[in-house]
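J.: For reference, the file final.cif (mmCIF, C-alpha atoms) is included below:
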```
data_data
#
loop_
_atom_site.group_PDB
_atom_site.id
_atom_site.type_symbol
_atom_site.label_atom_id
_atom_site.label_comp_id
_atom_site.auth_asym_id
_atom_site.auth_seq_id
_atom_site.Cartn_x
_atom_site.Cartn_y
_atom_site.Cartn_z
ATOM 1 C CA MET A 128 -133.191 16.660 -116.662
ATOM 2 C CA GLN A 129 -132.482 20.197 -117.833
ATOM 3 C CA LEU A 130 -133.336 21.874 -121.118
ATOM 4 C CA GLN A 131 -129.705 22.844 -121.530
ATOM 5 C CA GLN A 132 -128.709 19.186 -121.296
ATOM 6 C CA LEU A 133 -131.263 18.204 -123.929
ATOM 7 C CA THR A 134 -130.041 21.007 -126.199
ATOM 8 C CA TYR A 135 -126.455 19.769 -125.887
ATOM 9 C CA PHE A 136 -127.552 16.166 -126.475
ATOM 10 C CA VAL A 137 -129.477 17.006 -129.667
ATOM 11 C CA ALA A 138 -126.568 19.084 -131.003
ATOM 12 C CA VAL A 139 -124.089 16.229 -130.512
ATOM 13 C CA ALA A 140 -126.540 13.698 -131.943
ATOM 14 C CA GLU A 141 -126.999 15.792 -135.091
ATOM 15 C CA VAL A 142 -123.317 16.497 -135.851
ATOM 16 C CA ARG A 143 -121.913 13.341 -134.216
ATOM 17 C CA HIS A 144 -119.018 15.329 -132.824
ATOM 18 C CA PHE A 145 -118.552 16.896 -129.379
ATOM 19 C CA THR A 146 -116.150 19.643 -130.413
ATOM 20 C CA GLN A 147 -118.213 20.727 -133.426
ATOM 21 C CA ALA A 148 -121.390 20.732 -131.320
ATOM 22 C CA ALA A 149 -119.674 22.935 -128.735
ATOM 23 C CA GLU A 150 -118.593 25.360 -131.458
ATOM 24 C CA ILE A 151 -122.123 25.539 -132.873
ATOM 25 C CA LEU A 152 -123.544 26.222 -129.409
ATOM 26 C CA ARG A 153 -120.662 28.584 -128.552
ATOM 27 C CA VAL A 154 -119.824 26.821 -125.320
ATOM 28 C CA ALA A 155 -116.636 25.248 -124.073
ATOM 29 C CA GLN A 156 -116.293 21.624 -125.110
ATOM 30 C CA PRO A 157 -115.500 20.401 -121.548
ATOM 31 C CA SER A 158 -118.670 22.092 -120.293
ATOM 32 C CA LEU A 159 -120.751 20.420 -122.996
ATOM 33 C CA SER A 160 -119.230 17.014 -122.210
ATOM 34 C CA LYS A 161 -119.893 17.511 -118.506
ATOM 35 C CA GLN A 162 -123.586 18.235 -119.117
ATOM 36 C CA ILE A 163 -123.952 15.176 -121.373
ATOM 37 C CA ARG A 164 -122.383 12.983 -118.669
ATOM 38 C CA ALA A 165 -124.740 14.501 -116.079
ATOM 39 C CA LEU A 166 -127.715 13.665 -118.313
ATOM 40 C CA GLU A 167 -126.506 10.099 -118.780
ATOM 41 C CA SER A 168 -125.996 9.772 -115.042
ATOM 42 C CA GLU A 169 -129.526 10.984 -114.344
ATOM 43 C CA LEU A 170 -130.987 8.560 -116.888
ATOM 44 C CA SER A 171 -128.614 5.765 -115.788
ATOM 45 C CA VAL A 172 -127.797 4.933 -119.421
ATOM 46 C CA SER A 173 -125.174 5.761 -122.005
ATOM 47 C CA LEU A 174 -126.487 7.871 -124.844
ATOM 48 C CA PHE A 175 -123.424 7.783 -127.098
ATOM 49 C CA ARG A 176 -120.837 5.211 -128.119
ATOM 50 C CA ARG A 177 -117.609 7.118 -127.941
ATOM 51 C CA ALA A 178 -114.779 5.989 -130.193
ATOM 52 C CA ARG A 179 -111.974 8.087 -131.589
ATOM 53 C CA GLY A 180 -113.424 10.008 -134.541
ATOM 54 C CA ASN A 181 -116.690 8.076 -134.366
ATOM 55 C CA ILE A 182 -119.677 9.131 -132.206
ATOM 56 C CA THR A 183 -122.848 7.073 -132.552
ATOM 57 C CA LEU A 184 -126.086 6.871 -130.619
ATOM 58 C CA THR A 185 -126.863 3.940 -128.354
ATOM 59 C CA PRO A 186 -130.368 2.469 -128.463
ATOM 60 C CA ALA A 187 -131.229 4.685 -125.486
ATOM 61 C CA GLY A 188 -129.890 7.668 -127.379
ATOM 62 C CA GLU A 189 -131.939 6.741 -130.453
ATOM 63 C CA ALA A 190 -135.068 6.574 -128.276
ATOM 64 C CA LEU A 191 -134.350 9.877 -126.543
ATOM 65 C CA LEU A 192 -133.540 11.912 -129.661
ATOM 66 C CA PRO A 193 -137.086 12.384 -131.075
ATOM 67 C CA LEU A 194 -138.441 13.012 -127.581
ATOM 68 C CA ALA A 195 -135.769 15.591 -126.884
ATOM 69 C CA LYS A 196 -136.445 17.340 -130.190
ATOM 70 C CA ARG A 197 -140.173 17.423 -129.401
ATOM 71 C CA ILE A 198 -139.538 18.853 -125.932
ATOM 72 C CA LEU A 199 -137.259 21.551 -127.298
ATOM 73 C CA ALA A 200 -139.761 22.377 -130.050
ATOM 74 C CA ASP A 201 -142.535 22.733 -127.458
ATOM 75 C CA VAL A 202 -140.312 25.004 -125.420
ATOM 76 C CA ASP A 203 -139.637 27.156 -128.474
ATOM 77 C CA THR A 204 -143.379 27.374 -129.143
ATOM 78 C CA ALA A 205 -144.042 28.406 -125.569
ATOM 79 C CA ARG A 206 -141.241 30.950 -125.734
ATOM 80 C CA LEU A 207 -142.663 32.464 -128.914
ATOM 81 C CA GLU A 208 -146.116 32.760 -127.373
ATOM 82 C CA VAL A 209 -144.758 34.420 -124.253
ATOM 83 C CA GLN A 210 -142.565 36.705 -126.317
ATOM 84 C CA GLU A 211 -145.604 37.658 -128.373
ATOM 85 C CA LEU A 212 -147.271 38.811 -125.184
ATOM 86 C CA ALA A 213 -144.062 40.462 -124.020
ATOM 87 C CA GLY A 214 -143.816 42.011 -127.460
ATOM 88 C CA LEU A 215 -147.075 43.753 -126.681
ATOM 89 C CA LYS A 216 -149.333 42.303 -129.334
ATOM 90 C CA ARG A 217 -152.035 42.030 -126.692
ATOM 91 C CA GLY A 218 -152.556 43.132 -123.112
ATOM 92 C CA ARG A 219 -154.082 45.946 -121.103
ATOM 93 C CA VAL A 220 -153.043 49.156 -119.386
ATOM 94 C CA ARG A 221 -155.311 50.717 -116.756
ATOM 95 C CA LEU A 222 -154.197 54.319 -116.372
ATOM 96 C CA GLY A 223 -155.421 57.004 -114.018
ATOM 97 C CA ALA A 224 -154.838 60.677 -114.765
ATOM 98 C CA THR A 225 -155.917 64.051 -113.489
ATOM 99 C CA PRO A 226 -158.346 66.024 -115.674
ATOM 100 C CA SER A 227 -155.713 68.643 -116.507
ATOM 101 C CA LEU A 228 -153.512 65.955 -118.037
ATOM 102 C CA CYS A 229 -156.414 64.317 -119.860
ATOM 103 C CA ALA A 230 -157.252 67.696 -121.345
ATOM 104 C CA GLY A 231 -153.600 68.422 -122.085
ATOM 105 C CA LEU A 232 -150.702 66.299 -123.296
ATOM 106 C CA LEU A 233 -152.025 62.833 -122.377
ATOM 107 C CA ALA A 234 -154.026 62.464 -125.583
ATOM 108 C CA ASP A 235 -150.856 62.763 -127.676
ATOM 109 C CA VAL A 236 -149.090 60.183 -125.505
ATOM 110 C CA LEU A 237 -152.003 57.762 -125.809
ATOM 111 C CA ARG A 238 -151.997 58.175 -129.586
ATOM 112 C CA ARG A 239 -148.280 57.421 -129.804
ATOM 113 C CA PHE A 240 -148.663 54.348 -127.609
ATOM 114 C CA HIS A 241 -151.669 53.082 -129.565
ATOM 115 C CA ASP A 242 -149.841 53.511 -132.871
ATOM 116 C CA ALA A 243 -146.896 51.492 -131.523
ATOM 117 C CA TYR A 244 -148.978 48.814 -129.740
ATOM 118 C CA PRO A 245 -152.427 48.662 -131.375
ATOM 119 C CA GLY A 246 -153.268 45.381 -129.677
ATOM 120 C CA ILE A 247 -153.014 46.799 -126.176
ATOM 121 C CA GLN A 248 -156.298 47.827 -124.584
ATOM 122 C CA LEU A 249 -156.141 51.269 -122.952
ATOM 123 C CA ILE A 250 -158.451 52.033 -120.044
ATOM 124 C CA VAL A 251 -158.238 55.602 -118.716
ATOM 125 C CA GLU A 252 -159.820 56.724 -115.468
ATOM 126 C CA GLU A 253 -160.049 60.467 -114.974
ATOM 127 C CA GLY A 254 -160.153 61.821 -111.451
ATOM 128 C CA GLY A 255 -158.595 63.884 -108.727
ATOM 129 C CA SER A 256 -155.160 62.897 -107.480
ATOM 130 C CA ARG A 257 -156.410 61.631 -104.131
ATOM 131 C CA ASP A 258 -159.068 59.508 -105.809
ATOM 132 C CA LEU A 259 -156.466 58.032 -108.153
ATOM 133 C CA VAL A 260 -154.099 57.196 -105.299
ATOM 134 C CA ARG A 261 -156.911 55.318 -103.595
ATOM 135 C CA GLU A 262 -157.801 53.369 -106.749
ATOM 136 C CA LEU A 263 -154.138 52.592 -107.435
ATOM 137 C CA THR A 264 -153.659 51.301 -103.896
ATOM 138 C CA ARG A 265 -156.730 49.099 -104.277
ATOM 139 C CA GLY A 266 -155.310 47.548 -107.435
ATOM 140 C CA SER A 267 -157.928 49.029 -109.770
ATOM 141 C CA LEU A 268 -155.209 50.809 -111.788
ATOM 142 C CA ASP A 269 -151.794 49.775 -113.110
ATOM 143 C CA LEU A 270 -150.375 53.298 -113.308
ATOM 144 C CA ALA A 271 -151.560 56.739 -112.304
ATOM 145 C CA LEU A 272 -150.420 60.294 -112.874
ATOM 146 C CA VAL A 273 -150.730 61.879 -109.449
ATOM 147 C CA ILE A 274 -149.727 65.049 -107.636
ATOM 148 C CA LEU A 275 -146.838 65.134 -105.164
ATOM 149 C CA PRO A 276 -146.527 65.071 -102.251
ATOM 150 C CA LEU A 277 -148.922 62.213 -101.567
ATOM 151 C CA GLN A 278 -151.157 62.387 -98.540
ATOM 152 C CA GLY A 279 -150.373 59.802 -95.875
ATOM 153 C CA ASP A 280 -147.966 57.017 -96.743
ATOM 154 C CA PRO A 281 -149.513 54.899 -99.515
ATOM 155 C CA PRO A 282 -147.452 51.886 -100.690
ATOM 156 C CA LEU A 283 -146.571 53.478 -104.018
ATOM 157 C CA ASP A 284 -143.455 54.110 -106.043
ATOM 158 C CA THR A 285 -143.503 57.559 -107.629
ATOM 159 C CA THR A 286 -141.358 59.043 -110.391
ATOM 160 C CA PRO A 287 -141.621 62.833 -110.927
ATOM 161 C CA ILE A 288 -142.141 63.607 -114.605
ATOM 162 C CA LEU A 289 -143.559 67.136 -114.888
ATOM 163 C CA ARG A 290 -143.814 70.426 -113.062
ATOM 164 C CA GLU A 291 -146.740 72.669 -113.950
ATOM 165 C CA TYR A 292 -147.478 76.208 -112.831
ATOM 166 C CA LEU A 293 -150.851 77.293 -111.523
ATOM 167 C CA VAL A 294 -152.669 80.291 -112.937
ATOM 168 C CA VAL A 295 -155.863 82.159 -112.206
ATOM 169 C CA ALA A 296 -158.388 81.480 -114.973
ATOM 170 C CA SER A 297 -160.773 84.340 -115.744
ATOM 171 C CA PRO A 298 -162.963 85.341 -118.712
ATOM 172 C CA ALA A 299 -160.889 86.649 -121.615
ATOM 173 C CA GLY A 300 -163.341 89.400 -122.536
ATOM 174 C CA ALA A 301 -163.512 92.941 -121.243
ATOM 175 C CA ASP A 302 -166.051 91.989 -118.588
ATOM 176 C CA ASN A 303 -164.347 91.076 -115.362
ATOM 177 C CA PRO A 304 -166.961 89.973 -112.832
ATOM 178 C CA ALA A 305 -164.328 89.268 -110.199
ATOM 179 C CA GLN A 306 -162.782 92.751 -110.731
ATOM 180 C CA LEU A 307 -159.267 91.354 -110.773
ATOM 181 C CA PRO A 308 -156.330 93.776 -110.812
ATOM 182 C CA ARG A 309 -155.077 94.474 -114.331
ATOM 183 C CA ARG A 310 -151.565 93.145 -113.814
ATOM 184 C CA SER A 311 -149.383 90.551 -115.483
ATOM 185 C CA TYR A 312 -149.521 88.489 -112.291
ATOM 186 C CA LEU A 313 -151.748 87.977 -109.262
ATOM 187 C CA ARG A 314 -151.013 87.359 -105.625
ATOM 188 C CA ILE A 315 -152.853 84.904 -103.416
ATOM 189 C CA GLU A 316 -154.259 87.924 -101.552
ATOM 190 C CA ASP A 317 -155.913 89.097 -104.775
ATOM 191 C CA LEU A 318 -158.315 86.170 -104.486
ATOM 192 C CA GLN A 319 -159.761 87.399 -101.198
ATOM 193 C CA ASP A 320 -163.497 88.196 -101.321
ATOM 194 C CA ARG A 321 -163.659 87.235 -104.992
ATOM 195 C CA PRO A 322 -165.981 84.501 -106.253
ATOM 196 C CA LEU A 323 -164.171 81.218 -106.867
ATOM 197 C CA VAL A 324 -165.344 78.324 -108.946
ATOM 198 C CA MET A 325 -164.201 75.337 -106.917
ATOM 199 C CA PHE A 326 -163.585 71.702 -107.761
ATOM 200 C CA ARG A 327 -165.311 68.895 -105.946
ATOM 201 C CA PRO A 328 -163.621 67.215 -102.941
ATOM 202 C CA GLY A 329 -160.929 64.759 -104.004
ATOM 203 C CA TYR A 330 -159.201 67.198 -106.358
ATOM 204 C CA ASP A 331 -155.699 68.226 -105.368
ATOM 205 C CA LEU A 332 -156.388 71.670 -106.867
ATOM 206 C CA ARG A 333 -159.218 72.220 -104.400
ATOM 207 C CA GLU A 334 -157.007 71.516 -101.394
ATOM 208 C CA ALA A 335 -154.087 73.503 -102.838
ATOM 209 C CA THR A 336 -156.252 76.576 -103.422
ATOM 210 C CA ILE A 337 -157.940 76.454 -100.027
ATOM 211 C CA SER A 338 -154.630 75.888 -98.229
ATOM 212 C CA ALA A 339 -152.945 78.793 -100.050
ATOM 213 C CA CYS A 340 -155.818 81.136 -99.176
ATOM 214 C CA ARG A 341 -155.789 80.131 -95.530
ATOM 215 C CA ALA A 342 -152.019 80.528 -95.377
ATOM 216 C CA ALA A 343 -152.562 84.091 -96.631
ATOM 217 C CA GLY A 344 -155.004 84.700 -93.790
ATOM 218 C CA PHE A 345 -158.450 84.415 -95.350
ATOM 219 C CA GLU A 346 -161.159 81.893 -96.215
ATOM 220 C CA PRO A 347 -161.969 81.592 -99.939
ATOM 221 C CA ARG A 348 -165.463 82.500 -101.102
ATOM 222 C CA PHE A 349 -167.123 80.003 -103.415
ATOM 223 C CA ALA A 350 -169.485 81.103 -106.154
ATOM 224 C CA VAL A 351 -170.071 77.466 -107.128
ATOM 225 C CA GLU A 352 -168.330 74.258 -106.177
ATOM 226 C CA GLY A 353 -168.390 70.562 -106.920
ATOM 227 C CA GLY A 354 -167.374 70.621 -110.593
ATOM 228 C CA GLU A 355 -165.043 68.534 -112.727
ATOM 229 C CA MET A 356 -162.389 70.261 -114.835
ATOM 230 C CA ASP A 357 -164.482 70.910 -117.951
ATOM 231 C CA ALA A 358 -167.380 72.211 -115.871
ATOM 232 C CA VAL A 359 -165.132 74.496 -113.827
ATOM 233 C CA LEU A 360 -163.614 76.033 -116.955
ATOM 234 C CA ARG A 361 -167.024 76.524 -118.531
ATOM 235 C CA PHE A 362 -168.364 78.156 -115.373
ATOM 236 C CA VAL A 363 -165.442 80.592 -115.491
ATOM 237 C CA GLU A 364 -166.059 81.312 -119.188
ATOM 238 C CA VAL A 365 -169.639 82.398 -118.507
ATOM 239 C CA GLY A 366 -168.574 84.658 -115.658
ATOM 240 C CA LEU A 367 -169.589 82.744 -112.535
ATOM 241 C CA GLY A 368 -166.190 83.366 -110.981
ATOM 242 C CA ILE A 369 -162.484 82.665 -111.267
ATOM 243 C CA ALA A 370 -160.541 79.456 -110.638
ATOM 244 C CA VAL A 371 -157.004 78.351 -109.871
ATOM 245 C CA VAL A 372 -156.030 75.812 -112.535
ATOM 246 C CA PRO A 373 -152.918 74.377 -114.212
ATOM 247 C CA SER A 374 -151.821 76.524 -117.112
ATOM 248 C CA MET A 375 -151.960 73.630 -119.602
ATOM 249 C CA VAL A 376 -155.759 73.341 -119.471
ATOM 250 C CA LEU A 377 -156.224 76.789 -121.005
ATOM 251 C CA ALA A 378 -154.736 75.748 -124.332
ATOM 252 C CA GLY A 379 -157.414 75.911 -127.015
ATOM 253 C CA ARG A 380 -159.807 77.936 -124.855
ATOM 254 C CA PRO A 381 -159.853 81.463 -126.290
ATOM 255 C CA GLY A 382 -162.644 82.395 -123.907
ATOM 256 C CA LEU A 383 -160.277 82.182 -120.960
ATOM 257 C CA ARG A 384 -157.089 83.897 -119.949
ATOM 258 C CA GLY A 385 -154.579 82.691 -117.394
ATOM 259 C CA THR A 386 -152.747 85.028 -115.048
ATOM 260 C CA PRO A 387 -149.666 83.706 -113.197
ATOM 261 C CA LEU A 388 -150.100 83.403 -109.462
ATOM 262 C CA VAL A 389 -147.300 84.480 -107.103
ATOM 263 C CA LEU A 390 -146.959 84.958 -103.374
ATOM 264 C CA ALA A 391 -145.731 88.542 -103.278
ATOM 265 C CA ASP A 392 -144.963 91.522 -105.509
ATOM 266 C CA GLU A 393 -141.246 91.241 -104.785
ATOM 267 C CA GLU A 394 -141.179 87.667 -106.058
ATOM 268 C CA ALA A 395 -143.065 88.728 -109.166
ATOM 269 C CA ARG A 396 -140.589 91.501 -109.938
ATOM 270 C CA ARG A 397 -137.718 89.051 -109.623
ATOM 271 C CA GLY A 398 -139.454 86.481 -111.788
ATOM 272 C CA ARG A 399 -139.567 83.954 -108.973
ATOM 273 C CA HIS A 400 -142.424 81.721 -107.963
ATOM 274 C CA GLY A 401 -143.124 80.802 -104.391
ATOM 275 C CA PRO A 402 -144.342 77.531 -102.890
ATOM 276 C CA GLY A 403 -147.910 76.522 -103.598
ATOM 277 C CA LEU A 404 -147.892 78.113 -107.049
ATOM 278 C CA LEU A 405 -146.735 75.033 -108.897
ATOM 279 C CA ARG A 406 -147.208 71.353 -108.534
ATOM 280 C CA THR A 407 -145.249 68.237 -109.378
ATOM 281 C CA ILE A 408 -146.798 65.414 -111.353
ATOM 282 C CA ALA A 409 -145.498 61.892 -110.834
ATOM 283 C CA LEU A 410 -146.112 58.524 -112.416
ATOM 284 C CA ALA A 411 -147.051 56.092 -109.656
ATOM 285 C CA HIS A 412 -147.557 52.361 -109.277
ATOM 286 C CA ARG A 413 -147.823 49.959 -106.381
ATOM 287 C CA LYS A 414 -144.572 48.897 -104.767
ATOM 288 C CA ASP A 415 -145.707 45.318 -104.234
ATOM 289 C CA VAL A 416 -146.891 44.661 -107.800
ATOM 290 C CA GLU A 417 -144.521 44.142 -110.719
ATOM 291 C CA LEU A 418 -145.481 46.233 -113.736
ATOM 292 C CA THR A 419 -146.780 44.278 -116.691
ATOM 293 C CA HIS A 420 -144.911 44.480 -119.981
ATOM 294 C CA ALA A 421 -147.684 46.668 -121.342
ATOM 295 C CA ALA A 422 -147.607 49.050 -118.366
ATOM 296 C CA ARG A 423 -143.831 49.305 -118.540
ATOM 297 C CA ALA A 424 -144.030 50.069 -122.252
ATOM 298 C CA PHE A 425 -146.515 52.844 -121.542
ATOM 299 C CA GLN A 426 -144.219 54.264 -118.896
ATOM 300 C CA GLU A 427 -141.365 54.325 -121.396
ATOM 301 C CA THR A 428 -143.575 55.884 -124.082
ATOM 302 C CA LEU A 429 -144.726 58.628 -121.706
ATOM 303 C CA GLN A 430 -141.239 59.480 -120.507
ATOM 304 C CA THR A 431 -139.811 59.490 -124.033
ATOM 305 C CA PHE A 432 -142.604 61.775 -125.203
ATOM 306 C CA ILE A 433 -141.967 64.237 -122.369
ATOM 307 C CA VAL A 434 -138.209 64.316 -122.988
ATOM 308 C CA GLU A 435 -138.684 64.870 -126.722
ATOM 309 C CA ALA A 436 -141.373 67.520 -126.229
ATOM 310 C CA GLY A 437 -139.236 69.308 -123.652
ATOM 311 C CA ALA A 438 -136.247 69.349 -125.997
ATOM 312 C CA ALA A 439 -138.399 70.582 -128.885
ATOM 313 C CA GLY A 440 -140.115 73.244 -126.783
ATOM 314 C CA THR A 441 -143.557 71.800 -127.500
ATOM 315 C CA LEU A 442 -144.688 71.089 -123.937
ATOM 316 C CA PRO A 443 -147.797 73.075 -122.990
ATOM 317 C CA ALA A 444 -147.228 76.565 -121.599
ATOM 318 C CA GLY A 445 -146.252 76.522 -117.945
ATOM 319 C CA VAL A 446 -145.119 72.893 -117.992
ATOM 320 C CA GLU A 447 -141.527 71.747 -117.370
ATOM 321 C CA ASN A 448 -139.911 68.375 -117.949
ATOM 322 C CA LEU A 449 -138.643 66.559 -114.831
ATOM 323 C CA VAL A 450 -137.769 63.251 -116.477
ATOM 324 C CA ASP A 451 -134.111 62.447 -115.773
ATOM 325 C CA VAL A 452 -133.699 65.826 -114.041
ATOM 326 C CA GLN A 453 -131.522 65.394 -110.987
ATOM 327 C CA PRO A 454 -132.359 67.335 -107.805
ATOM 328 C CA PRO A 455 -129.936 70.133 -106.887
#
```
Starting from the coordinates I provided, produce the structure as structure tokens.
T.:
Amino acid sequence: MQLQQLTYFVAVAEVRHFTQAAEILRVAQPSLSKQIRALESELSVSLFRRARGNITLTPAGEALLPLAKRILADVDTARLEVQELAGLKRGRVRLGATPSLCAGLLADVLRRFHDAYPGIQLIVEEGGSRDLVRELTRGSLDLALVILPLQGDPPLDTTPILREYLVVASPAGADNPAQLPRRSYLRIEDLQDRPLVMFRPGYDLREATISACRAAGFEPRFAVEGGEMDAVLRFVEVGLGIAVVPSMVLAGRPGLRGTPLVLADEEARRGRHGPGLLRTIALAHRKDVELTHAARAFQETLQTFIVEAGAAGTLPAGVENLVDVQPP
């Protein structure tokens, strides 16, 4: 017994006419008649007395009608309850994000999502990209904003959404404890023998900075290491050293200035940026787990926000939209 068959049966029973019932349901009359016959065959009874211009219910049909209506009503109730959940009146999103994003545009995205879906619980875990990949793989997160490329081959689907440029953060005042060159840009080599404030292990920025220095032929010198984003920026503000950070985290910090980082003077003169001086942010989730309605809604909210901010020119400085951007 199928719900479609019960729906057709109730429609015919109410209007007492096969053709009119088919028109109401917007199905072909032969198809409706076929389903009614299949229902009668399954029940091994006739449900209607069929006479030209006169359709009446048999005793079996009279007995089935209230039961069928109750079944269909229960189905409608169940559908409404499921649709309420699908309509995001309740639920949960567990999101992981790097500290630069938490300190940057993520707050605006979370506010937009909360305004649209106030019943959805938002749980945000802040951490380095590698830590977030591990938590996402374990199933502790639904979505995570991570840095590409991923290390190893985790079972994740990734969608690039942003590109952000890296800058050297230094105190904005006249004092320059690292004695950086007074230029509009810096090279990787300019970091040699200068005190660096370094993130703790697990941060993509730590590995990116160390790798870039080693590729340039020197080992970085740490003034202090092991900090989270806010601590690193504060350490730079008070003059402990300099740090390589995403440009977006300097917004609203007048005590810091950011100097673009390039690989060579020639690239700087041409306005080009070399590899290692930018990073790509992606939205990731597990391949083997279907996103919940709430998580999918957050994904759509995030991508819409980025597209609109990119078009309006309101993305943070040094950040570019990659949503719907096709590779060359």
J.: Kindly resolve the PyMOL selection byres ((chain A and resi 312) around 6) on the present coordinates and return the residues as a list in words.
T.: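 After applying the PyMOL selection byres ((chain A and resi 312) around 6), what remains is Arg310, Ser311, Leu313, Thr386, Pro387 and Leu388 of chain A.
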J.: Can you give me, as a list in words, the residues this file yields under the PyMOL selection byres ((chain A and resi 180-182) around 10)?
T.: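 Going through the file, the PyMOL selection byres ((chain A and resi 180-182) around 10) ends up selecting Val139, Ala140, Val142, Arg143, His144, Phe145, Phe175, Arg176, Arg177, Ala178, Arg179, Thr183, Leu184 and Thr185 of chain A.
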J.: For A:Asp269, which residue among A:Arg219, A:Arg238, A:Arg327, A:Lys196 is the nearest when counting all atoms listed in the file?
T.: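 The closest residue to A:Asp269 is A:Arg219.
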J.: Residues near stretch 330-336 of chain A, anyone? I mean within 8 Å using only C-alpha atoms, not counting same-chain ones fewer than 6 positions away, as a list in words.
T.: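 Within the cut-off, the hits are Gly254, Gly255, Ser256, Arg257, Asp258, Ile274, Val371, Val372 and Gly403 of chain A.
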J.: Taking the file above as input, evaluate the PyMOL selection byres ((chain A and resi 130) around 10) and report the hits as an MDAnalysis selection string.
T.: chainID A and resid 128:129 131:136 195 198:199 202
J.: Could you give me, as a ChimeraX atom specification, the residues within 12 Å of stretch 432-440 of chain A, counting only C-alpha atoms and dropping anything in the same chain fewer than 5 positions from it?
T.: /A:232-240,287-290,425-427,445-452
J.: I'd like the interatomic distance between atom CA of A:Met356 and atom CA of A:Ser227, to a tenth of an Å.
T.: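 Separation between atom CA of A:Met356 and atom CA of A:Ser227: 7.1 Å.
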J.: Find, counting only C-alpha atoms, the residue in A:Ala205, A:Leu166, A:Ala342, A:Leu404 that gets nearest to A:Val137.
T.: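 Looking only at the distances to A:Val137, the closest residue turns out to be A:Leu166.
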J.: Between atom CA of A:Leu191 and atom CA of A:Leu174, measure the distance and give it in Å to one decimal.
T.: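 Distance between the two atoms: 8.3 Å.
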J.: With distances taken over only C-alpha atoms, which residue among A:Ser297, A:Ser338, A:Ser171, A:Thr225 lies nearest A:Ile369?
T.: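 Using only C-alpha atoms, A:Ile369 sits closest to A:Ser297.
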J.: Skip A:Ala378 itself and residues of its chain fewer than 2 positions away, then list as a list in words all residues within 12 Å of it, counting all atoms listed in the file.
T.: Ser227, Leu228, Ala230, Gly231, Leu232, Ala296, Leu360, Val372, Pro373, Ser374, Met375, Val376, Arg380, Pro381, Gly382, Leu383, Arg384, Gly385, Leu442, Pro443, Ala444, Gly445 and Val446 of chain A
J.: Could you pull stretch 255-268 of chain A out of the block above and save it with N, CA and C atoms, as an mmCIF file, in the first residue's frame?
T.:
```cif
data_model
loop_
_atom_site.group_PDB
_atom_site.id
_atom_site.type_symbol
_atom_site.label_atom_id
_atom_site.label_comp_id
_atom_site.auth_asym_id
_atom_site.auth_seq_id
_atom_site.Cartn_x
_atom_site.Cartn_y
_atom_site.Cartn_z
ATOM 1 N N GLY A 255 44.563 26.462 14.701
ATOM 2 C CA GLY A 255 45.374 26.407 13.499
ATOM 3 C C GLY A 255 44.775 25.468 12.480
ATOM 4 N N SER A 256 45.121 25.670 11.216
ATOM 5 C CA SER A 256 44.525 24.892 10.137
ATOM 6 C C SER A 256 44.738 23.398 10.326
ATOM 7 N N ARG A 257 45.934 22.998 10.713
ATOM 8 C CA ARG A 257 46.206 21.573 10.872
ATOM 9 C C ARG A 257 45.388 20.978 12.013
ATOM 10 N N ASP A 258 45.225 21.735 13.081
ATOM 11 C CA ASP A 258 44.384 21.266 14.185
ATOM 12 C C ASP A 258 42.940 21.094 13.728
ATOM 13 N N LEU A 259 42.455 22.045 12.931
ATOM 14 C CA LEU A 259 41.069 21.990 12.474
ATOM 15 C C LEU A 259 40.841 20.818 11.526
ATOM 16 N N VAL A 260 41.801 20.548 10.664
ATOM 17 C CA VAL A 260 41.687 19.397 9.765
ATOM 18 C C VAL A 260 41.573 18.114 10.575
ATOM 19 N N ARG A 261 42.357 18.005 11.619
ATOM 20 C CA ARG A 261 42.306 16.813 12.463
ATOM 21 C C ARG A 261 40.940 16.676 13.140
ATOM 22 N N GLU A 262 40.428 17.771 13.690
ATOM 23 C CA GLU A 262 39.128 17.727 14.360
ATOM 24 C C GLU A 262 37.994 17.447 13.375
ATOM 25 N N LEU A 263 38.099 17.993 12.174
ATOM 26 C CA LEU A 263 37.087 17.758 11.147
ATOM 27 C C LEU A 263 37.090 16.287 10.740
ATOM 28 N N THR A 264 38.270 15.715 10.564
ATOM 29 C CA THR A 264 38.381 14.317 10.190
ATOM 30 C C THR A 264 37.825 13.401 11.268
ATOM 31 N N ARG A 265 37.994 13.802 12.525
ATOM 32 C CA ARG A 265 37.476 13.011 13.639
ATOM 33 C C ARG A 265 35.967 13.111 13.789
ATOM 34 N N GLY A 266 35.347 14.067 13.125
ATOM 35 C CA GLY A 266 33.911 14.248 13.247
ATOM 36 C C GLY A 266 33.505 15.218 14.330
ATOM 37 N N SER A 267 34.473 15.941 14.912
ATOM 38 C CA SER A 267 34.154 16.908 15.962
ATOM 39 C C SER A 267 33.616 18.209 15.410
ATOM 40 N N LEU A 268 33.768 18.438 14.099
ATOM 41 C CA LEU A 268 33.287 19.650 13.439
ATOM 42 C C LEU A 268 32.449 19.270 12.227
#
```
